[in-house]
Amino acid sequence: MIDVQLYIDGQWTDGSEGRRFSVDNPATGELMGRAIDASAADVDAAISAAERASKGWASTFVAQRAEILTKIYEDLMAHQDELARLLTEEEGKSLKEARSEVAYGARFFRFYASDVWRIEGDTLPQPGPDRAVWTTKVPIGVTVLITPWNYPLAMICRKMAPALAAGCPVIVKPAEQTPLVAARLFEVLAAAGLPAGVVNLVTGDPNRIGPLLLEDARVRKISFTGSTAVGQVILRHAASHIASVSLELGGNAPFIVFDDVDLDQVVEAILSCKFRNAGQICVAANRIYVQRNILSALGERLGQAVTQLRVGDGLEADTVIGPLINQEAVEKVTSHVQNAVGAGARVVVGGQTLQRPGYFYAPTVLTDVHESMQLALEETFGPVAPLFAFDSEEEVFERANRTKFGLAAYVFTRDLGRAMRAAAALEFGMVGINDPVPSLAEVPIGGMKESGLGREGGHEGLAEFLETKYVSVRW
């Protein structure tokens with residue numbers, strides 16, 4: 001049993017009321033730990049601590065911030081195995097994927113330790129003999145980071161590293177399903193030399209403490225990753241005091257396969273893009289469009305490959321696909337598959353829950369699907385690969401764009417001209433051409449349409465936590 005605390009103003013605390021909530025292992029359904037259910041007083045204490053730390057952290061020299069960010073990177077990698085094991089137990093992904101998540105999250109601290117030196121203003125030409133004008137970049141201020149359960153360590157890192165680089169103190173509210181690895185991450189942060197109040201951790205019921213974090217006028221920046229529905233709620237709360245908001249929201253990613261590809265390479269790409277983390281990824285392929293003349297062959301090869309994917313506890317060495325996060329997730333996947341089958345879809349492989357402890361759904365491939373089915377209208381967030389047939393380039397681009405979401409899209413072709421046309425035509429914030437995993441710390445990640453606002457990663461991710469100040473001097 002793992003019991004974790006809140007981290008406020010440089011101290012671990014049980015909070016003002018000491019209430020706790022339970023955390024289950026999704027592979028077994030068994031209790032694995034407890035976290036503090038923060039009170040209103042705890043939230044106020046975290047915001048107050050961040051506010052007190054704000055001016056001091058903003059005024060630290062860039063070299064000092066870079067040194068601390070580098071140390072955090074090194075310490076995370078030094079604890080990679082331990083963090084990965086806890087991440088697997090709490091969230092469910094395989095140990096191999098968990099190790100990759102730790103490395104991916106750590107990389108943001110390494111990148112922003114360098115990119116912090118690129119916080120630059122502009123000196124403009126003098127508008128007259130007695131006047132000088134320039135701009136400078138300043139930290140936006142106290143920042144709230146609300147992170148999801150599917151990548152519970154990496155998403156904290158992806159938001160926190162640029163915020164700290166910019167000079168902003170943070171309050172992290174992790175998903176209630178995965179507070180344990182967040183607390184272990186904060187143990188690493190606590191040893192990195194950050195001043196008290198610069199990083200704060202509050203856990204608990206989002207419906208109760210969420211509004212307290214979002215509506216406090218001392219909070220100047222909110223960064224959230226999660227569903228579009230919750231993103232809309234956050235925007236309404238932030239409007240009460242005109243806080244800046246960054247949102248990475250839902251996706252409905254098309255994965256387009258033209259008939260000039262190597263089928264075996266495409267099968268491997270689909271396994272990576274669709275079945276990684278049991279399909280619980282906002283950028284996962286949700287609608288797989290296959291040119292009609294290769295649909296049968298690709299469906300057969302993909303079905304054969306999927307039957308070889310071992311499903312089980314992520315701690316077991318040969319596991320490829322772990323559990324879904326909870327029973328609610330299982331029920332959503334089941335509903336999507338049943339809706340599709342009821343409307344004429346054919347199950348190639350899978351299509352059912354697995355009768356074992358935990359929250360498991362068999363990796364599934366469907367054909368004879370169409371856009372009116374539930375699984376085409378919203379992300380399934382599970383290990384289900386529906387194969388749609390298409391005939392022409394123009395047709396498939398139009399169908400791919402026929403969604404209110406615009407986070408990620410993928411295209412597989414050997415035709416460079418077609419690839420360039422796809423990159424221009426697809427209305428998505430990220431387009432992977434023959435690349436099923438395009439995310440990097442060094443590049444801007446984010447969506448169009450109802451998939452979000454702003455970007456994370458790259459220099460654009462740092463800019464999200466900075467404001468421009470214009471100065472004009474006369475003499």
# chains A, B, ... in the order shown; residues from 1 in each chain; ligands from 1
>>> closest_atom_pairs(of="segment 322-403 of chain A", to="segment 257-268 of chain A", cutoff="12 Å", atoms="only C-alpha atoms", output="JSON lines")
{"residue": "A:Val365", "atom": "CA", "partner": "A:Val267", "partner_atom": "CA", "distance": 11.9}
{"residue": "A:Ala385", "atom": "CA", "partner": "A:Val267", "partner_atom": "CA", "distance": 11.2}
{"residue": "A:Leu387", "atom": "CA", "partner": "A:Val257", "partner_atom": "CA", "distance": 10.1}
{"residue": "A:Phe388", "atom": "CA", "partner": "A:Val257", "partner_atom": "CA", "distance": 10.1}
{"residue": "A:Ala389", "atom": "CA", "partner": "A:Val257", "partner_atom": "CA", "distance": 9.7}
{"residue": "A:Phe390", "atom": "CA", "partner": "A:Phe258", "partner_atom": "CA", "distance": 9.2}
{"residue": "A:Asp391", "atom": "CA", "partner": "A:Phe258", "partner_atom": "CA", "distance": 9.3}
{"residue": "A:Ser392", "atom": "CA", "partner": "A:Phe258", "partner_atom": "CA", "distance": 9.2}
{"residue": "A:Glu393", "atom": "CA", "partner": "A:Phe258", "partner_atom": "CA", "distance": 8.5}
{"residue": "A:Val396", "atom": "CA", "partner": "A:Val257", "partner_atom": "CA", "distance": 9.8}
{"residue": "A:Phe397", "atom": "CA", "partner": "A:Val257", "partner_atom": "CA", "distance": 11.4}
{"residue": "A:Ala400", "atom": "CA", "partner": "A:Val257", "partner_atom": "CA", "distance": 11.8}
>>> select_by_dssp(residues="segment 19-247 of chain A", states="alpha helix (DSSP H)", output="MDAnalysis selection string")
chainID A and resid 40:58 62:78 80:91 95:115 154:166 179:190 206:214 228:238
>>> write_last_selection(atoms="C-alpha atoms", output="mmCIF file, in the first residue's frame")
data_model
loop_
_atom_site.group_PDB
_atom_site.id
_atom_site.type_symbol
_atom_site.label_atom_id
_atom_site.label_comp_id
_atom_site.auth_asym_id
_atom_site.auth_seq_id
_atom_site.Cartn_x
_atom_site.Cartn_y
_atom_site.Cartn_z
ATOM 1 C CA ALA A 40 -10.527 24.264 -0.129
ATOM 2 C CA ALA A 41 -7.966 25.388 2.452
ATOM 3 C CA ASP A 42 -5.311 23.190 0.832
ATOM 4 C CA VAL A 43 -6.002 24.665 -2.589
ATOM 5 C CA ASP A 44 -5.775 28.176 -1.174
ATOM 6 C CA ALA A 45 -2.494 27.298 0.540
ATOM 7 C CA ALA A 46 -1.021 26.006 -2.732
ATOM 8 C CA ILE A 47 -2.051 29.101 -4.686
ATOM 9 C CA SER A 48 -0.761 31.368 -1.907
ATOM 10 C CA ALA A 49 2.579 29.535 -1.879
ATOM 11 C CA ALA A 50 2.904 29.880 -5.636
ATOM 12 C CA GLU A 51 2.018 33.559 -5.466
ATOM 13 C CA ARG A 52 4.666 34.190 -2.794
ATOM 14 C CA ALA A 53 7.263 32.368 -4.877
ATOM 15 C CA SER A 54 6.324 34.071 -8.134
ATOM 16 C CA LYS A 55 8.490 37.211 -8.036
ATOM 17 C CA GLY A 56 11.542 35.433 -6.713
ATOM 18 C CA TRP A 57 11.403 32.643 -9.299
ATOM 19 C CA ALA A 58 10.729 35.096 -12.137
ATOM 20 C CA VAL A 62 18.424 31.985 -16.714
ATOM 21 C CA ALA A 63 21.586 30.023 -15.932
ATOM 22 C CA GLN A 64 20.154 28.989 -12.562
ATOM 23 C CA ARG A 65 16.890 27.847 -14.086
ATOM 24 C CA ALA A 66 18.753 25.915 -16.772
ATOM 25 C CA GLU A 67 20.901 24.199 -14.138
ATOM 26 C CA ILE A 68 17.846 23.103 -12.138
ATOM 27 C CA LEU A 69 16.029 21.837 -15.241
ATOM 28 C CA THR A 70 19.101 19.826 -16.207
ATOM 29 C CA LYS A 71 19.287 18.293 -12.733
ATOM 30 C CA ILE A 72 15.608 17.295 -12.908
ATOM 31 C CA TYR A 73 16.283 15.558 -16.233
ATOM 32 C CA GLU A 74 19.248 13.687 -14.793
ATOM 33 C CA ASP A 75 17.383 12.682 -11.636
ATOM 34 C CA LEU A 76 14.365 11.434 -13.589
ATOM 35 C CA MET A 77 16.578 9.252 -15.749
ATOM 36 C CA ALA A 78 18.410 7.986 -12.665
ATOM 37 C CA GLN A 80 13.656 5.618 -14.618
ATOM 38 C CA ASP A 81 13.130 1.982 -13.621
ATOM 39 C CA GLU A 82 11.469 2.796 -10.308
ATOM 40 C CA LEU A 83 9.173 5.420 -11.848
ATOM 41 C CA ALA A 84 8.292 3.114 -14.735
ATOM 42 C CA ARG A 85 7.288 0.287 -12.429
ATOM 43 C CA LEU A 86 4.997 2.532 -10.390
ATOM 44 C CA LEU A 87 3.559 4.010 -13.584
ATOM 45 C CA THR A 88 2.746 0.512 -14.892
ATOM 46 C CA GLU A 89 1.103 -0.539 -11.649
ATOM 47 C CA GLU A 90 -1.011 2.603 -11.460
ATOM 48 C CA GLU A 91 -1.925 3.243 -15.118
ATOM 49 C CA LEU A 95 6.807 -1.764 -18.468
ATOM 50 C CA LYS A 96 8.565 -1.122 -21.790
ATOM 51 C CA GLU A 97 6.113 1.662 -22.637
ATOM 52 C CA ALA A 98 6.385 3.053 -19.103
ATOM 53 C CA ARG A 99 10.163 3.306 -19.390
ATOM 54 C CA SER A 100 9.686 5.152 -22.675
ATOM 55 C CA GLU A 101 7.222 7.525 -21.024
ATOM 56 C CA VAL A 102 9.713 8.420 -18.285
ATOM 57 C CA ALA A 103 12.412 9.103 -20.880
ATOM 58 C CA TYR A 104 10.006 11.142 -23.005
ATOM 59 C CA GLY A 105 8.893 13.229 -20.025
ATOM 60 C CA ALA A 106 12.458 13.792 -18.836
ATOM 61 C CA ARG A 107 13.446 14.995 -22.294
ATOM 62 C CA PHE A 108 11.281 18.101 -21.874
ATOM 63 C CA PHE A 109 13.415 19.239 -18.957
ATOM 64 C CA ARG A 110 16.571 18.701 -20.988
ATOM 65 C CA PHE A 111 15.155 20.562 -23.990
ATOM 66 C CA TYR A 112 13.902 23.566 -22.002
ATOM 67 C CA ALA A 113 17.192 23.780 -20.092
ATOM 68 C CA SER A 114 18.565 24.815 -23.483
ATOM 69 C CA ASP A 115 15.547 26.624 -24.938
ATOM 70 C CA ALA A 154 4.990 12.698 -19.215
ATOM 71 C CA MET A 155 2.104 15.163 -19.370
ATOM 72 C CA ILE A 156 3.173 16.808 -16.114
ATOM 73 C CA CYS A 157 6.703 17.115 -17.490
ATOM 74 C CA ARG A 158 5.535 18.466 -20.849
ATOM 75 C CA LYS A 159 3.673 21.285 -19.124
ATOM 76 C CA MET A 160 5.901 21.912 -16.123
ATOM 77 C CA ALA A 161 9.286 22.131 -17.852
ATOM 78 C CA PRO A 162 8.415 25.152 -20.055
ATOM 79 C CA ALA A 163 6.497 26.817 -17.223
ATOM 80 C CA LEU A 164 9.529 26.609 -14.921
ATOM 81 C CA ALA A 165 11.835 27.695 -17.737
ATOM 82 C CA ALA A 166 9.661 30.756 -18.308
ATOM 83 C CA PRO A 179 -1.832 10.538 -8.249
ATOM 84 C CA LEU A 180 0.836 8.132 -7.005
ATOM 85 C CA VAL A 181 3.360 8.523 -9.805
ATOM 86 C CA ALA A 182 2.754 12.279 -9.703
ATOM 87 C CA ALA A 183 3.732 12.306 -6.028
ATOM 88 C CA ARG A 184 6.848 10.245 -6.770
ATOM 89 C CA LEU A 185 7.768 12.758 -9.485
ATOM 90 C CA PHE A 186 7.471 15.520 -6.889
ATOM 91 C CA GLU A 187 9.917 13.678 -4.648
ATOM 92 C CA VAL A 188 12.425 14.027 -7.484
ATOM 93 C CA LEU A 189 11.528 17.703 -7.906
ATOM 94 C CA ALA A 190 11.897 18.327 -4.176
ATOM 95 C CA PRO A 206 -11.841 17.530 -9.664
ATOM 96 C CA ASN A 207 -15.471 18.530 -9.320
ATOM 97 C CA ARG A 208 -14.774 19.981 -5.889
ATOM 98 C CA ILE A 209 -11.294 21.452 -6.117
ATOM 99 C CA GLY A 210 -11.243 22.170 -9.851
ATOM 100 C CA PRO A 211 -13.366 25.336 -9.665
ATOM 101 C CA LEU A 212 -11.270 26.575 -6.742
ATOM 102 C CA LEU A 213 -8.121 26.331 -8.850
ATOM 103 C CA LEU A 214 -9.699 27.728 -12.009
ATOM 104 C CA THR A 228 -13.165 18.615 -25.141
ATOM 105 C CA ALA A 229 -16.195 18.698 -22.839
ATOM 106 C CA VAL A 230 -14.020 19.454 -19.798
ATOM 107 C CA GLY A 231 -11.982 21.936 -21.836
ATOM 108 C CA GLN A 232 -15.151 23.899 -22.499
ATOM 109 C CA VAL A 233 -15.877 23.978 -18.748
ATOM 110 C CA ILE A 234 -12.352 25.225 -18.061
ATOM 111 C CA LEU A 235 -12.765 28.051 -20.574
ATOM 112 C CA ARG A 236 -15.908 29.183 -18.814
ATOM 113 C CA HIS A 237 -14.176 29.188 -15.422
ATOM 114 C CA ALA A 238 -11.119 30.997 -16.782
#
>>> atom_distance(atom1="atom CA of Ser272 of chain A", atom2="atom CA of Met420 of chain A")
23.1 Å
>>> residues_around(residues="segment 325-333 of chain A", least_positions_apart="3", cutoff="12 Å", atoms="only C-alpha atoms", output="ChimeraX atom specification")
/A:23-30,88-93,148-152,175-178,277-281,322,336-340,350-354,357-364,374-375,378-385
>>> closest_residue(among="A:Gly461, A:Asp14, A:Ser94, A:Arg474", to="Ile119 of chain A", atoms="only C-alpha atoms")
A:Gly461
>>> residues_around(residues="segment 171-174 of chain A", least_positions_apart="6", cutoff="6 Å", atoms="only C-alpha atoms", output="list in words")
Val144, Leu145, Ile146, Thr147, Asn200, Leu201, Val202 and Thr203 of chain A
>>> select_by_dssp(residues="segment 245-389 of chain A", states="strand (DSSP E)", output="number ranges by chain")
A: 245-248, 253-257, 285-291, 346-349, 364-367, 384-389
>>> residues_around(residues="Met430 of chain A", least_positions_apart="2", cutoff="8 Å", atoms="only C-alpha atoms", output="PyMOL selection string")
chain A and resi 407-409+428+432+438+445-447
>>> residues_around(residues="Leu247 of chain A", least_positions_apart="3", cutoff="9 Å", atoms="only C-alpha atoms", output="list of chain:residue names")
A:Ile222, A:Ser223, A:Phe224, A:Thr225, A:Gly226, A:Thr228, A:Gly231, A:Gly446, A:Gly447, A:Ser451, A:Gly452, A:Leu453, A:Gly454, A:Arg455
>>> write_last_selection(atoms="N, CA and C atoms", output="PDB file, in the first residue's frame")
ATOM      1  N   ILE A 222      -3.709  28.636 -17.150  1.00  0.00           N
ATOM      2  CA  ILE A 222      -4.247  27.290 -16.933  1.00  0.00           C
ATOM      3  C   ILE A 222      -3.870  26.452 -18.146  1.00  0.00           C
ATOM      4  N   SER A 223      -3.252  25.307 -17.901  1.00  0.00           N
ATOM      5  CA  SER A 223      -2.926  24.371 -18.977  1.00  0.00           C
ATOM      6  C   SER A 223      -3.581  23.039 -18.664  1.00  0.00           C
ATOM      7  N   PHE A 224      -4.359  22.539 -19.622  1.00  0.00           N
ATOM      8  CA  PHE A 224      -5.170  21.334 -19.392  1.00  0.00           C
ATOM      9  C   PHE A 224      -5.030  20.375 -20.557  1.00  0.00           C
ATOM     10  N   THR A 225      -4.936  19.094 -20.255  1.00  0.00           N
ATOM     11  CA  THR A 225      -5.044  18.035 -21.260  1.00  0.00           C
ATOM     12  C   THR A 225      -6.154  17.096 -20.824  1.00  0.00           C
ATOM     13  N   GLY A 226      -7.092  16.866 -21.742  1.00  0.00           N
ATOM     14  CA  GLY A 226      -8.227  16.003 -21.430  1.00  0.00           C
ATOM     15  C   GLY A 226      -9.301  16.121 -22.487  1.00  0.00           C
ATOM     16  N   THR A 228     -12.657  17.333 -24.646  1.00  0.00           N
ATOM     17  CA  THR A 228     -13.165  18.615 -25.141  1.00  0.00           C
ATOM     18  C   THR A 228     -14.263  19.145 -24.230  1.00  0.00           C
ATOM     19  N   GLY A 231     -12.643  20.722 -21.354  1.00  0.00           N
ATOM     20  CA  GLY A 231     -11.982  21.936 -21.836  1.00  0.00           C
ATOM     21  C   GLY A 231     -12.933  23.103 -21.955  1.00  0.00           C
ATOM     22  N   GLY A 446      -0.275  20.158 -30.641  1.00  0.00           N
ATOM     23  CA  GLY A 446      -1.565  20.747 -30.312  1.00  0.00           C
ATOM     24  C   GLY A 446      -2.537  20.586 -31.448  1.00  0.00           C
ATOM     25  N   GLY A 447      -3.777  21.018 -31.204  1.00  0.00           N
ATOM     26  CA  GLY A 447      -4.839  20.743 -32.152  1.00  0.00           C
ATOM     27  C   GLY A 447      -5.485  21.968 -32.761  1.00  0.00           C
ATOM     28  N   SER A 451     -10.114  20.578 -30.906  1.00  0.00           N
ATOM     29  CA  SER A 451      -9.072  19.779 -30.253  1.00  0.00           C
ATOM     30  C   SER A 451      -8.110  20.615 -29.430  1.00  0.00           C
ATOM     31  N   GLY A 452      -8.371  21.924 -29.311  1.00  0.00           N
ATOM     32  CA  GLY A 452      -7.556  22.655 -28.364  1.00  0.00           C
ATOM     33  C   GLY A 452      -7.133  24.045 -28.772  1.00  0.00           C
ATOM     34  N   LEU A 453      -6.395  24.653 -27.864  1.00  0.00           N
ATOM     35  CA  LEU A 453      -5.829  25.992 -28.027  1.00  0.00           C
ATOM     36  C   LEU A 453      -4.378  25.955 -27.571  1.00  0.00           C
ATOM     37  N   GLY A 454      -3.504  26.605 -28.325  1.00  0.00           N
ATOM     38  CA  GLY A 454      -2.111  26.690 -27.927  1.00  0.00           C
ATOM     39  C   GLY A 454      -1.324  25.442 -28.304  1.00  0.00           C
ATOM     40  N   ARG A 455      -0.048  25.430 -27.925  1.00  0.00           N
ATOM     41  CA  ARG A 455       0.850  24.334 -28.257  1.00  0.00           C
ATOM     42  C   ARG A 455       1.702  23.961 -27.051  1.00  0.00           C
TER      43      ARG A 455
END
>>> atom_distance(atom1="atom CA of Arg292 of chain A", atom2="atom CA of Glu427 of chain A")
23.1 Å
>>> closest_residue(among="A:Asn434, A:Gly204, A:Lys137, A:Glu398", to="Asp415 of chain A", atoms="only C-alpha atoms")
A:Asn434
>>> closest_residue(among="A:Thr13, A:Ser59, A:Ser244, A:Thr123", to="Ala463 of chain A", atoms="only C-alpha atoms")
A:Ser244
>>> residues_around(residues="Ala132 of chain A", least_positions_apart="5", cutoff="8 Å", atoms="only C-alpha atoms", output="PyMOL selection string")
chain A and resi 124-127+472-474
>>> write_last_selection(atoms="N, CA and C atoms", output="PDB file, in the first residue's frame")
ATOM      1  N   LEU A 124      13.676  47.673 -31.348  1.00  0.00           N
ATOM      2  CA  LEU A 124      13.164  48.202 -32.599  1.00  0.00           C
ATOM      3  C   LEU A 124      13.942  49.450 -33.016  1.00  0.00           C
ATOM      4  N   PRO A 125      13.928  49.779 -34.295  1.00  0.00           N
ATOM      5  CA  PRO A 125      14.598  51.017 -34.722  1.00  0.00           C
ATOM      6  C   PRO A 125      14.039  52.234 -33.992  1.00  0.00           C
ATOM      7  N   GLN A 126      14.918  53.163 -33.666  1.00  0.00           N
ATOM      8  CA  GLN A 126      14.468  54.363 -32.960  1.00  0.00           C
ATOM      9  C   GLN A 126      13.481  55.154 -33.811  1.00  0.00           C
ATOM     10  N   PRO A 127      12.307  55.463 -33.257  1.00  0.00           N
ATOM     11  CA  PRO A 127      11.328  56.233 -34.033  1.00  0.00           C
ATOM     12  C   PRO A 127      11.659  57.724 -34.081  1.00  0.00           C
ATOM     13  N   SER A 472       8.565  51.991 -24.058  1.00  0.00           N
ATOM     14  CA  SER A 472       8.896  53.169 -24.855  1.00  0.00           C
ATOM     15  C   SER A 472       9.521  54.215 -23.932  1.00  0.00           C
ATOM     16  N   VAL A 473      10.713  54.720 -24.314  1.00  0.00           N
ATOM     17  CA  VAL A 473      11.443  55.688 -23.487  1.00  0.00           C
ATOM     18  C   VAL A 473      11.704  56.959 -24.303  1.00  0.00           C
ATOM     19  N   ARG A 474      11.372  58.081 -23.719  1.00  0.00           N
ATOM     20  CA  ARG A 474      11.698  59.388 -24.311  1.00  0.00           C
ATOM     21  C   ARG A 474      12.690  60.111 -23.403  1.00  0.00           C
TER      22      ARG A 474
END
>>> closest_residue(among="A:Ala441, A:Leu377, A:Ile8, A:Ala35", to="Gly197 of chain A", atoms="only C-alpha atoms")
A:Ile8
>>> atom_distance(atom1="atom CA of Thr143 of chain A", atom2="atom CA of Phe61 of chain A")
19.7 Å
